[in-house]
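Raw coords_36.tsv, TSV, C-alpha atoms and all ligand atoms:
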```
chain	number	residue	atom	x	y	z
A	9	MET	CA	150.75	129.41	-87.77
A	10	GLU	CA	148.70	130.88	-84.93
A	11	ARG	CA	149.21	133.43	-82.18
A	12	THR	CA	147.65	133.52	-78.73
A	13	LEU	CA	147.75	135.84	-75.74
A	14	SER	CA	149.16	134.38	-72.54
A	15	ILE	CA	149.12	136.11	-69.16
A	16	ILE	CA	150.94	135.09	-66.01
A	17	LYS	CA	148.48	136.47	-63.48
A	18	PRO	CA	149.42	138.37	-60.28
A	19	ASP	CA	149.53	135.14	-58.23
A	20	GLY	CA	151.98	133.53	-60.67
A	21	VAL	CA	154.25	136.58	-60.72
A	22	SER	CA	154.22	137.15	-56.93
A	23	ARG	CA	154.83	133.47	-56.20
A	24	GLY	CA	157.91	133.37	-58.43
A	25	LEU	CA	156.43	131.08	-61.07
A	26	ILE	CA	157.37	133.05	-64.21
A	27	GLY	CA	160.31	130.78	-64.98
A	28	ASP	CA	158.33	127.57	-64.42
A	29	VAL	CA	155.55	128.70	-66.75
A	30	ILE	CA	157.85	129.95	-69.50
A	31	LYS	CA	159.88	126.73	-69.31
A	32	ARG	CA	156.71	124.81	-70.15
A	33	PHE	CA	155.91	127.10	-73.08
A	34	GLU	CA	159.42	126.81	-74.50
A	35	GLY	CA	159.41	123.08	-73.84
A	36	ALA	CA	156.22	122.80	-75.88
A	37	GLY	CA	157.95	124.53	-78.78
A	38	PHE	CA	156.02	127.80	-78.61
A	39	ARG	CA	157.89	130.83	-79.92
A	40	ILE	CA	157.62	133.93	-77.70
A	41	ALA	CA	156.85	136.73	-80.15
A	42	ALA	CA	156.30	139.47	-77.55
A	43	MET	CA	156.58	139.89	-73.80
A	44	LYS	CA	156.15	142.66	-71.24
A	45	MET	CA	155.37	143.18	-67.60
A	46	ILE	CA	152.53	145.55	-66.80
A	47	TYR	CA	150.39	146.48	-63.81
A	48	LEU	CA	146.75	146.80	-64.83
A	49	SER	CA	144.48	149.44	-63.37
A	50	LYS	CA	141.04	148.27	-62.26
A	51	LYS	CA	139.56	149.90	-65.40
A	52	GLU	CA	142.05	148.13	-67.68
A	53	ALA	CA	141.28	144.79	-66.03
A	54	GLU	CA	137.55	145.44	-66.51
A	55	GLY	CA	138.16	146.21	-70.18
A	56	PHE	CA	140.13	143.03	-70.70
A	57	TYR	CA	137.50	140.84	-69.03
A	58	ALA	CA	134.48	142.75	-70.40
A	59	VAL	CA	132.93	139.52	-71.74
A	60	HIS	CA	132.54	138.40	-68.12
A	61	ARG	CA	130.97	141.63	-66.80
A	62	GLU	CA	127.64	139.96	-65.95
A	63	ARG	CA	129.27	137.08	-64.08
A	64	PRO	CA	129.12	137.02	-60.27
A	65	PHE	CA	132.91	136.82	-60.02
A	66	PHE	CA	133.60	139.90	-62.23
A	67	GLN	CA	134.37	142.35	-59.38
A	68	SER	CA	136.60	139.91	-57.55
A	69	LEU	CA	138.35	138.82	-60.77
A	70	THR	CA	139.13	142.39	-61.86
A	71	ASP	CA	140.30	143.31	-58.32
A	72	PHE	CA	142.62	140.30	-58.44
A	73	MET	CA	143.92	141.07	-61.94
A	74	SER	CA	144.76	144.63	-60.87
A	75	SER	CA	146.34	143.56	-57.55
A	76	GLY	CA	149.91	143.24	-58.82
A	77	PRO	CA	152.14	143.04	-61.90
A	78	ILE	CA	151.34	140.54	-64.64
A	79	LEU	CA	153.48	139.18	-67.45
A	80	ILE	CA	151.83	139.24	-70.85
A	81	MET	CA	153.11	137.32	-73.86
A	82	VAL	CA	152.25	136.61	-77.45
A	83	LEU	CA	152.95	132.95	-78.13
A	84	GLU	CA	153.26	131.63	-81.65
A	85	GLY	CA	153.09	128.13	-83.06
A	86	GLU	CA	150.99	125.63	-84.91
A	87	ASP	CA	147.65	125.21	-83.13
A	88	VAL	CA	149.10	127.24	-80.24
A	89	ILE	CA	145.69	128.45	-78.99
A	90	GLN	CA	144.43	124.95	-78.23
A	91	HIS	CA	147.84	123.60	-77.26
A	92	ASN	CA	148.30	126.41	-74.71
A	93	ARG	CA	144.83	125.74	-73.26
A	94	GLU	CA	145.89	122.09	-72.81
A	95	LEU	CA	149.11	123.08	-71.01
A	96	MET	CA	147.09	125.44	-68.76
A	97	GLY	CA	144.48	122.88	-67.69
A	98	ALA	CA	140.85	123.46	-66.71
A	99	THR	CA	139.74	126.81	-65.23
A	100	ASN	CA	139.06	125.07	-61.91
A	101	TYR	CA	142.43	123.63	-60.82
A	102	LYS	CA	140.62	120.81	-59.03
A	103	GLU	CA	139.38	119.60	-62.42
A	104	ALA	CA	142.66	120.23	-64.25
A	105	LYS	CA	144.62	117.20	-65.49
A	106	PRO	CA	147.75	116.31	-63.52
A	107	GLY	CA	150.83	117.90	-65.05
A	108	THR	CA	149.00	121.00	-66.27
A	109	ILE	CA	150.04	124.45	-65.03
A	110	ARG	CA	146.84	124.98	-63.08
A	111	ALA	CA	146.83	121.48	-61.54
A	112	ASP	CA	150.44	121.91	-60.45
A	113	PHE	CA	150.36	125.51	-59.18
A	114	ALA	CA	146.85	127.00	-58.77
A	115	THR	CA	145.36	127.43	-55.32
A	116	ASP	CA	141.91	128.76	-56.15
A	117	ILE	CA	139.42	128.80	-59.04
A	118	GLU	CA	140.15	132.54	-59.45
A	119	LYS	CA	143.86	132.57	-58.65
A	120	ASN	CA	144.77	130.09	-61.34
A	121	ILE	CA	148.18	131.41	-62.48
A	122	VAL	CA	147.59	131.82	-66.20
A	123	HIS	CA	145.25	133.21	-68.82
A	124	GLY	CA	145.17	131.95	-72.41
A	125	SER	CA	142.98	133.01	-75.33
A	126	ASP	CA	140.30	130.46	-76.17
A	127	ALA	CA	139.73	130.97	-79.93
A	128	PRO	CA	141.26	132.77	-82.94
A	129	GLU	CA	138.87	135.76	-82.63
A	130	THR	CA	139.52	136.27	-78.92
A	131	ALA	CA	143.26	135.81	-79.47
A	132	ALA	CA	143.26	138.62	-82.06
A	133	THR	CA	141.24	140.97	-79.82
A	134	GLU	CA	143.27	140.18	-76.70
A	135	ILE	CA	146.66	140.57	-78.43
A	136	ALA	CA	145.54	143.94	-79.83
A	137	TYR	CA	144.39	145.05	-76.35
A	138	PHE	CA	148.00	144.94	-75.13
A	139	PHE	CA	150.43	145.01	-78.08
A	140	ASN	CA	150.84	147.12	-81.16
A	141	SER	CA	152.20	145.54	-84.34
A	142	LEU	CA	155.75	146.87	-83.79
A	143	GLU	CA	155.94	145.13	-80.40
A	144	ILE	CA	155.29	141.69	-81.91
A	145	VAL	CA	158.58	140.35	-83.14
A	146	GLY	CA	158.78	138.19	-86.24
A	147	SER	CA	160.77	134.96	-86.46
A	148	ILE	CA	163.81	134.65	-88.76
A	149	GLU	CA	161.55	133.42	-91.55
A	150	GLN	CA	159.11	136.28	-91.04
A	151	ASN	CA	161.87	138.90	-90.70
A	152	PRO	CA	164.59	137.91	-93.19
A	201	LIG	P1	139.59	130.55	-68.44
A	201	LIG	O1	140.60	131.48	-67.79
A	201	LIG	O2	139.92	129.11	-68.20
A	201	LIG	O3	139.36	130.86	-69.90
A	201	LIG	P2	137.01	131.83	-67.92
A	201	LIG	O4	135.71	131.09	-67.77
A	201	LIG	O5	137.22	132.60	-69.17
A	201	LIG	O6	138.19	130.79	-67.67
A	201	LIG	O7	137.11	132.79	-66.66
A	201	LIG	C1	138.08	133.81	-66.62
A	201	LIG	C2	138.73	133.80	-65.26
A	201	LIG	O8	137.76	134.14	-64.27
A	201	LIG	C3	139.27	132.45	-64.79
A	201	LIG	O9	140.55	132.13	-65.28
A	201	LIG	C4	139.28	132.63	-63.28
A	201	LIG	O10	140.40	133.43	-62.87
A	201	LIG	C5	138.01	133.44	-63.07
A	201	LIG	N1	136.84	132.57	-62.79
A	201	LIG	C6	136.18	131.78	-63.66
A	201	LIG	N2	135.16	131.12	-63.07
A	201	LIG	C7	135.18	131.54	-61.78
A	201	LIG	C8	134.37	131.22	-60.63
A	201	LIG	O11	133.41	130.44	-60.69
A	201	LIG	N3	134.71	131.86	-59.46
A	201	LIG	C9	135.74	132.74	-59.36
A	201	LIG	N4	136.52	133.05	-60.41
A	201	LIG	C10	136.25	132.46	-61.60
A	202	MG	MG	138.54	132.57	-70.77
```
For the structure just supplied, provide its representation as structure tokens.
Ligand code: IDP
Ligand code: MG
Amino acid sequence: MERTLSIIKPDGVSRGLIGDVIKRFEGAGFRIAAMKMIYLSKKEAEGFYAVHRERPFFQSLTDFMSSGPILIMVLEGEDVIQHNRELMGATNYKEAKPGTIRADFATDIEKNIVHGSDAPETAATEIAYFFNSLEIVGSIEQNP
């Protein structure tokens, strides 16, 4: 069983796409183990995307990510990291497969609706950036 961090970015929240995105996650059988809405400061956005600090789009990306509320979730399931990346589609919505979240909703390579961790190590770091252990709720089996 794996966990991954999912974010509905400011464009997804402001455009009223929370329900559409969560419907896809639940439809895929992911269990939502944690969820909260937060509004990142510029500094917090820079911390989250620190791996990209040398990239030309870093300033714009962190401005965007701190431009409005975001919904952050811990998703749980078998192979959920890869499976979530498949539901999301390619970073550039123009290259995303039809039927993926980004192909269906994104308007811009930056404003692409969702974030999802890309590997077990990044999932662990990203989940810990936002949630403490008491905020991540176990399933019936994990919490008898
Ligand atoms: P990912 O979100 O698919 O994992 P990353 O390469 O990790 O993509 O990039 C993080 C985020 O930075 C992307 O989701 C997107 O919002 C933004 N981004 C990535 N590449 C570009 C670009 O070339 N121009 C503008 N923004 C970009
Ligand atoms: Mg990434």
How close does chain A get to ligand MG 202 (chain A)? List, as a Markdown table, each residue of chain A within 12 Å, its nearest atom pair and the distance in Å to one decimal, counting all atoms listed in the file.
```
| residue | atom | partner | partner_atom | distance |
| --- | --- | --- | --- | --- |
| A:Leu13 | CA | A:MG202 | MG | 11.0 |
| A:Ser14 | CA | A:MG202 | MG | 10.9 |
| A:Ile15 | CA | A:MG202 | MG | 11.3 |
| A:Phe56 | CA | A:MG202 | MG | 10.6 |
| A:Tyr57 | CA | A:MG202 | MG | 8.5 |
| A:Ala58 | CA | A:MG202 | MG | 11.0 |
| A:Val59 | CA | A:MG202 | MG | 9.0 |
| A:His60 | CA | A:MG202 | MG | 8.8 |
| A:Leu69 | CA | A:MG202 | MG | 11.8 |
| A:Ile89 | CA | A:MG202 | MG | 11.6 |
| A:Arg93 | CA | A:MG202 | MG | 9.6 |
| A:Met96 | CA | A:MG202 | MG | 11.3 |
| A:Gly97 | CA | A:MG202 | MG | 11.8 |
| A:Ala98 | CA | A:MG202 | MG | 10.2 |
| A:Thr99 | CA | A:MG202 | MG | 8.1 |
| A:Asn100 | CA | A:MG202 | MG | 11.6 |
| A:Glu118 | CA | A:MG202 | MG | 11.4 |
| A:Asn120 | CA | A:MG202 | MG | 11.6 |
| A:Val122 | CA | A:MG202 | MG | 10.2 |
| A:His123 | CA | A:MG202 | MG | 7.0 |
| A:Gly124 | CA | A:MG202 | MG | 6.9 |
| A:Ser125 | CA | A:MG202 | MG | 6.4 |
| A:Asp126 | CA | A:MG202 | MG | 6.1 |
| A:Ala127 | CA | A:MG202 | MG | 9.4 |
| A:Thr130 | CA | A:MG202 | MG | 9.0 |
| A:Ala131 | CA | A:MG202 | MG | 10.4 |
| A:Glu134 | CA | A:MG202 | MG | 10.7 |
```
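Of the residues under consideration (A:Ile135, A:Ile78, A:Leu48, A:Ala42), A:Ile78 shows the shortest atom-to-atom contact distance to Ile121 (chain A) when counting all atoms listed in the file.
With distances restricted to all atoms listed in the file, A:Pro18 is the closest residue to Ser74 (chain A) from A:Gly37, A:Pro18, A:Leu95, A:Asp28.
A straight line drawn from CA of Lys119 (chain A) to CA of Glu84 (chain A) is 24.9 Å long.
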What's around Glu94 (chain A) at 12 Å? Count only C-alpha atoms, leave out sequence neighbours fewer than 6 positions away in its own chain, and write the answer as a ChimeraX atom specification.
/A:32-33,36,87-88,104-111,122-126
Length of the CA of Gln67 (chain A) to CA of Lys44 (chain A) vector [Å]
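Distance between the two atoms: 24.8 Å.
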Find, counting all atoms listed in the file, the residue in A:Ala41, A:Ile46, A:Thr70, A:Ala114 that gets nearest to Ile144 (chain A).
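Closest to Ile144 (chain A), using all atoms listed in the file: A:Ala41.
Take the candidates A:Val82, A:Gln90, A:Lys31, A:Met9 and check each one against ligand LIG 201 (chain A) using all atoms listed in the file; the shortest distance goes to A:Gln90.
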Exercise: Ile30 (chain A) partners within 10 Å, all atoms listed in the file, chain neighbours under 6 positions left out, as a ChimeraX atom specification:
/A:16,36,38,40,81
Taking all atoms listed in the file into account, name the residue in A:Glu86, A:Glu149, A:Asp71, A:Asp112 that is nearest to ligand LIG 201 (chain A).
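That would be A:Asp71, the residue with the smallest distance to ligand LIG 201 (chain A).
Relative to CA of Arg39 (chain A), CA of Asn151 (chain A) is found at 14.0 Å.
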Take every atom of ligand LIG 201 (chain A) listed in the file, pad by 8 Å on each side, and give me the axis-aligned box centre and edge lengths in Å, one decimal, as JSON.
```
{"center_x": 137.0, "center_y": 131.6, "center_z": -64.6, "size_x": 23.2, "size_y": 21.0, "size_z": 26.5}
```
Counting all atoms listed in the file, which of A:Thr12, A:Ser68, A:Ser22, A:Gln150 gets nearest to ligand LIG 201 (chain A)?
A:Ser68
Show which residues sit within 8 Å of Ile26 (chain A), as a PDB file with C-alpha atoms, in the frame of the given file. Count all atoms listed in the file, and ignore same-chain residues fewer than 5 positions away.
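After the write, result-v1.pdb holds the following:
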```
ATOM      1  CA  ILE A  16     150.940 135.090 -66.010  1.00  0.00           C
ATOM      2  CA  GLY A  20     151.980 133.530 -60.670  1.00  0.00           C
ATOM      3  CA  VAL A  21     154.250 136.580 -60.720  1.00  0.00           C
ATOM      4  CA  LEU A  79     153.480 139.180 -67.450  1.00  0.00           C
TER       5      LEU A  79
END
```
From the structure block, carefully write region 61-78 of chain A out with N, CA and C atoms; format it as a JSON list (two decimals), in the first residue's frame.
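Result saved to selection-v7.json:
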```json
[["chain", "number", "residue", "atom", "x", "y", "z"],
["A", 61, "ARG", "N", 14.11, 25.26, -7.88],
["A", 61, "ARG", "CA", 14.49, 26.67, -7.68],
["A", 61, "ARG", "C", 15.39, 27.23, -8.77],
["A", 62, "GLU", "N", 16.11, 26.37, -9.49],
["A", 62, "GLU", "CA", 16.97, 26.87, -10.58],
["A", 62, "GLU", "C", 16.24, 26.98, -11.92],
["A", 63, "ARG", "N", 15.00, 26.51, -11.97],
["A", 63, "ARG", "CA", 14.27, 26.50, -13.25],
["A", 63, "ARG", "C", 13.75, 27.90, -13.57],
["A", 64, "PRO", "N", 13.68, 28.21, -14.87],
["A", 64, "PRO", "CA", 13.24, 29.56, -15.27],
["A", 64, "PRO", "C", 11.81, 29.90, -14.82],
["A", 65, "PHE", "N", 10.99, 28.86, -14.60],
["A", 65, "PHE", "CA", 9.60, 29.12, -14.24],
["A", 65, "PHE", "C", 9.37, 29.17, -12.73],
["A", 66, "PHE", "N", 10.44, 29.11, -11.92],
["A", 66, "PHE", "CA", 10.28, 29.01, -10.46],
["A", 66, "PHE", "C", 9.51, 30.19, -9.85],
["A", 67, "GLN", "N", 9.87, 31.43, -10.26],
["A", 67, "GLN", "CA", 9.20, 32.61, -9.69],
["A", 67, "GLN", "C", 7.72, 32.61, -10.04],
["A", 68, "SER", "N", 7.45, 32.38, -11.31],
["A", 68, "SER", "CA", 6.06, 32.38, -11.77],
["A", 68, "SER", "C", 5.26, 31.25, -11.10],
["A", 69, "LEU", "N", 5.87, 30.08, -11.02],
["A", 69, "LEU", "CA", 5.19, 28.92, -10.41],
["A", 69, "LEU", "C", 4.85, 29.19, -8.94],
["A", 70, "THR", "N", 5.79, 29.75, -8.20],
["A", 70, "THR", "CA", 5.54, 29.97, -6.76],
["A", 70, "THR", "C", 4.59, 31.16, -6.55],
["A", 71, "ASP", "N", 4.60, 32.14, -7.46],
["A", 71, "ASP", "CA", 3.57, 33.20, -7.42],
["A", 71, "ASP", "C", 2.18, 32.57, -7.63],
["A", 72, "PHE", "N", 2.09, 31.72, -8.64],
["A", 72, "PHE", "CA", 0.82, 31.05, -8.95],
["A", 72, "PHE", "C", 0.35, 30.20, -7.77],
["A", 73, "MET", "N", 1.25, 29.41, -7.20],
["A", 73, "MET", "CA", 0.85, 28.49, -6.13],
["A", 73, "MET", "C", 0.46, 29.22, -4.84],
["A", 74, "SER", "N", 0.87, 30.50, -4.73],
["A", 74, "SER", "CA", 0.48, 31.28, -3.55],
["A", 74, "SER", "C", -0.58, 32.33, -3.92],
["A", 75, "SER", "N", -1.25, 32.13, -5.05],
["A", 75, "SER", "CA", -2.22, 33.13, -5.53],
["A", 75, "SER", "C", -3.65, 32.87, -5.05],
["A", 76, "GLY", "N", -3.88, 31.74, -4.38],
["A", 76, "GLY", "CA", -5.22, 31.43, -3.91],
["A", 76, "GLY", "C", -5.21, 30.12, -3.15],
["A", 77, "PRO", "N", -6.33, 29.76, -2.53],
["A", 77, "PRO", "CA", -6.38, 28.52, -1.75],
["A", 77, "PRO", "C", -6.11, 27.28, -2.61],
["A", 78, "ILE", "N", -5.55, 26.28, -1.97],
["A", 78, "ILE", "CA", -5.33, 24.98, -2.62],
["A", 78, "ILE", "C", -5.91, 23.90, -1.73]]
```
